[in-house]
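The structure appears right after this line, and notes come after that.
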Amino acid sequence: MVDFRNFIGRGTTSGTPLNIFAQVVFFVNVGGGEFVDLGPQQAAFKGKIDTPFYKGDLSLTLKLLEGGKAEINLNGSRAAQATYTTAGSKLSIEAKFGSHEQVISFEPGGKGNVETYLSVSGSKSINVHLAPGTKPAVS
């Protein structure tokens, strides 16, 4: 079983304030949020964003199950079926929301791997970086 925490920014914990940077033409700060729950097989993120193409809540809950299965909710919509795979430091979840398929990926990145790169692609697409709201201590 994989540990979800290996696929997010180093030092990110439940309750850590995060800035949300979305790729418009280049990455700009469009909001904030935090993981309200973060464990080995589950996570819940809540935030708000304001972009030219979407303004409102950004919520994501997920649970990694045995055998590559997953449970996932994106902005209140529950996926009827979902599976996950890993490749190096990247976790990808393929989910079907109604008749729409989405791929949601998590990967640590940025200087010192303290950011979480979150990508949603499919019928609706957005790429965001979840960056610490305060600069992390250098170890």
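Here, A, B, ... name the chains of the structure tokens in the order displayed, residue numbers run from 1 inside each chain, and ligands are numbered from 1 in the same displayed order.
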
Spatial neighbours of Gln81 in chain A, max dist 8 Å, only C-alpha atoms, sep filter under 2 positions, as a PyMOL selection string: chain A and resi 70-71+79+83+95-97

Create the file for the chosen residues now, containing C-alpha atoms and written as a compact mmCIF listing (two decimals), in the first residue's frame.
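The resulting file, selection22.txt, is reproduced below:
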# COMPACT_ATOMS: atom_id res chain seq x y z
CA ALA A 70 -9.59 4.69 -4.60
CA GLU A 71 -12.52 6.73 -3.34
CA ALA A 79 -16.48 9.39 -8.46
CA THR A 83 -8.15 3.64 -9.49
CA ALA A 95 -11.77 8.69 -11.79
CA LYS A 96 -15.14 8.70 -13.48
CA PHE A 97 -17.58 11.42 -12.38

Who sits within 8 Å of range 29-39 of chain A, only C-alpha atoms, same chain under 3 positions skipped, as a ChimeraX atom specification: /A:3-5,13-22,42-51

Neighbour list for Ser92 in chain A as a PyMOL selection string, cut-off 8 Å, only C-alpha atoms, skip fewer than 6 positions in-chain: chain A and resi 84-86+103-106

Write the selection just made, keeping N, CA, C and O atoms, as a PDB file, in the first residue's frame?
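The result, written out as part.pdb:
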ATOM      1  N   TYR A  84      -5.870   4.059  -8.797  1.00  0.00           N
ATOM      2  CA  TYR A  84      -4.651   4.861  -8.744  1.00  0.00           C
ATOM      3  C   TYR A  84      -3.443   4.044  -9.166  1.00  0.00           C
ATOM      4  O   TYR A  84      -3.424   2.821  -9.048  1.00  0.00           O
ATOM      5  N   THR A  85      -2.443   4.775  -9.686  1.00  0.00           N
ATOM      6  CA  THR A  85      -1.151   4.193 -10.041  1.00  0.00           C
ATOM      7  C   THR A  85      -0.073   5.159  -9.570  1.00  0.00           C
ATOM      8  O   THR A  85      -0.343   6.350  -9.343  1.00  0.00           O
ATOM      9  N   THR A  86       1.128   4.648  -9.432  1.00  0.00           N
ATOM     10  CA  THR A  86       2.261   5.488  -9.081  1.00  0.00           C
ATOM     11  C   THR A  86       3.369   5.276 -10.101  1.00  0.00           C
ATOM     12  O   THR A  86       3.510   4.195 -10.670  1.00  0.00           O
ATOM     13  N   VAL A 103      -8.343  12.677 -14.683  1.00  0.00           N
ATOM     14  CA  VAL A 103      -7.117  12.161 -14.096  1.00  0.00           C
ATOM     15  C   VAL A 103      -6.610  13.228 -13.139  1.00  0.00           C
ATOM     16  O   VAL A 103      -6.428  14.385 -13.531  1.00  0.00           O
ATOM     17  N   ILE A 104      -6.431  12.848 -11.891  1.00  0.00           N
ATOM     18  CA  ILE A 104      -5.975  13.762 -10.849  1.00  0.00           C
ATOM     19  C   ILE A 104      -4.612  13.264 -10.385  1.00  0.00           C
ATOM     20  O   ILE A 104      -4.479  12.104  -9.976  1.00  0.00           O
ATOM     21  N   SER A 105      -3.598  14.136 -10.498  1.00  0.00           N
ATOM     22  CA  SER A 105      -2.233  13.736 -10.174  1.00  0.00           C
ATOM     23  C   SER A 105      -1.655  14.613  -9.073  1.00  0.00           C
ATOM     24  O   SER A 105      -1.927  15.814  -9.016  1.00  0.00           O
ATOM     25  N   PHE A 106      -0.859  13.998  -8.220  1.00  0.00           N
ATOM     26  CA  PHE A 106      -0.133  14.671  -7.144  1.00  0.00           C
ATOM     27  C   PHE A 106       1.346  14.363  -7.299  1.00  0.00           C
ATOM     28  O   PHE A 106       1.713  13.227  -7.594  1.00  0.00           O
TER      29      PHE A 106
END

Pick from A:Gly9, A:Ile93, A:Arg78, A:Phe26, whichever lies nearest to Lys111 in chain A using only C-alpha atoms: A:Gly9

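Among the candidate residues A:Gln41, A:Ser99, A:Asn6, A:Ser59, the one lying nearest to Val114 in chain A is A:Asn6, with distances computed using only C-alpha atoms.
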
Pairwise distance for CA of Val120 in chain A and CA of Leu65 in chain A, rounded to one decimal in Å: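 Calculated distance between CA of Val120 in chain A and CA of Leu65 in chain A is 20.3 Å.
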
Close residues, His129 in chain A itself excluded, 9 Å, only C-alpha atoms, min 2 positions apart in chain, as a PyMOL selection string: chain A and resi 19-23+27+109-110+115-119+127+131

Next, the residues of the selection above should be written as an mmCIF file, in the first residue's frame with N, CA, C and O atoms.
data_model
loop_
_atom_site.group_PDB
_atom_site.id
_atom_site.type_symbol
_atom_site.label_atom_id
_atom_site.label_comp_id
_atom_site.auth_asym_id
_atom_site.auth_seq_id
_atom_site.Cartn_x
_atom_site.Cartn_y
_atom_site.Cartn_z
ATOM 1 N N ASN A 19 -0.769 28.434 -0.186
ATOM 2 C CA ASN A 19 -1.193 29.319 -1.262
ATOM 3 C C ASN A 19 -1.442 28.461 -2.492
ATOM 4 O O ASN A 19 -0.725 27.490 -2.736
ATOM 5 N N ILE A 20 -2.448 28.827 -3.265
ATOM 6 C CA ILE A 20 -2.759 28.087 -4.488
ATOM 7 C C ILE A 20 -2.333 28.945 -5.675
ATOM 8 O O ILE A 20 -2.822 30.056 -5.859
ATOM 9 N N PHE A 21 -1.396 28.425 -6.453
ATOM 10 C CA PHE A 21 -0.935 29.088 -7.662
ATOM 11 C C PHE A 21 -1.479 28.305 -8.846
ATOM 12 O O PHE A 21 -1.239 27.101 -8.951
ATOM 13 N N ALA A 22 -2.237 28.973 -9.720
ATOM 14 C CA ALA A 22 -2.813 28.310 -10.886
ATOM 15 C C ALA A 22 -2.095 28.777 -12.141
ATOM 16 O O ALA A 22 -1.638 29.920 -12.223
ATOM 17 N N GLN A 23 -2.032 27.880 -13.109
ATOM 18 C CA GLN A 23 -1.411 28.213 -14.377
ATOM 19 C C GLN A 23 -2.454 28.901 -15.253
ATOM 20 O O GLN A 23 -3.413 28.288 -15.693
ATOM 21 N N PHE A 27 2.217 30.849 -13.664
ATOM 22 C CA PHE A 27 1.594 30.567 -12.371
ATOM 23 C C PHE A 27 1.436 31.842 -11.550
ATOM 24 O O PHE A 27 2.399 32.576 -11.347
ATOM 25 N N GLY A 109 7.157 19.082 -5.710
ATOM 26 C CA GLY A 109 7.994 19.844 -6.634
ATOM 27 C C GLY A 109 8.410 21.167 -6.037
ATOM 28 O O GLY A 109 8.190 21.439 -4.866
ATOM 29 N N GLY A 110 8.985 22.019 -6.880
ATOM 30 C CA GLY A 110 9.483 23.305 -6.424
ATOM 31 C C GLY A 110 10.815 23.146 -5.721
ATOM 32 O O GLY A 110 11.309 22.036 -5.507
ATOM 33 N N GLU A 115 6.544 22.151 -2.444
ATOM 34 C CA GLU A 115 5.247 22.407 -3.050
ATOM 35 C C GLU A 115 4.606 21.092 -3.466
ATOM 36 O O GLU A 115 5.286 20.088 -3.635
ATOM 37 N N THR A 116 3.292 21.112 -3.627
ATOM 38 C CA THR A 116 2.565 19.977 -4.177
ATOM 39 C C THR A 116 2.024 20.398 -5.532
ATOM 40 O O THR A 116 1.310 21.398 -5.625
ATOM 41 N N TYR A 117 2.415 19.679 -6.569
ATOM 42 C CA TYR A 117 1.854 19.929 -7.897
ATOM 43 C C TYR A 117 0.602 19.074 -8.012
ATOM 44 O O TYR A 117 0.658 17.864 -7.860
ATOM 45 N N LEU A 118 -0.518 19.728 -8.257
ATOM 46 C CA LEU A 118 -1.806 19.060 -8.385
ATOM 47 C C LEU A 118 -2.349 19.362 -9.774
ATOM 48 O O LEU A 118 -2.466 20.523 -10.163
ATOM 49 N N SER A 119 -2.640 18.316 -10.505
ATOM 50 C CA SER A 119 -3.144 18.469 -11.862
ATOM 51 C C SER A 119 -4.461 17.727 -11.992
ATOM 52 O O SER A 119 -4.588 16.587 -11.547
ATOM 53 N N ASN A 127 -4.157 23.114 -13.543
ATOM 54 C CA ASN A 127 -2.884 22.766 -12.923
ATOM 55 C C ASN A 127 -2.618 23.790 -11.840
ATOM 56 O O ASN A 127 -2.649 24.995 -12.104
ATOM 57 N N ALA A 131 1.580 25.767 -2.448
ATOM 58 C CA ALA A 131 2.846 26.204 -1.875
ATOM 59 C C ALA A 131 2.644 26.649 -0.439
ATOM 60 O O ALA A 131 1.601 27.232 -0.112
#

Separation of CA of Thr61 in chain A from CA of Gly112 in chain A, in Å and rounded to one decimal: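 For CA of Thr61 in chain A relative to CA of Gly112 in chain A, the distance reads 25.6 Å.
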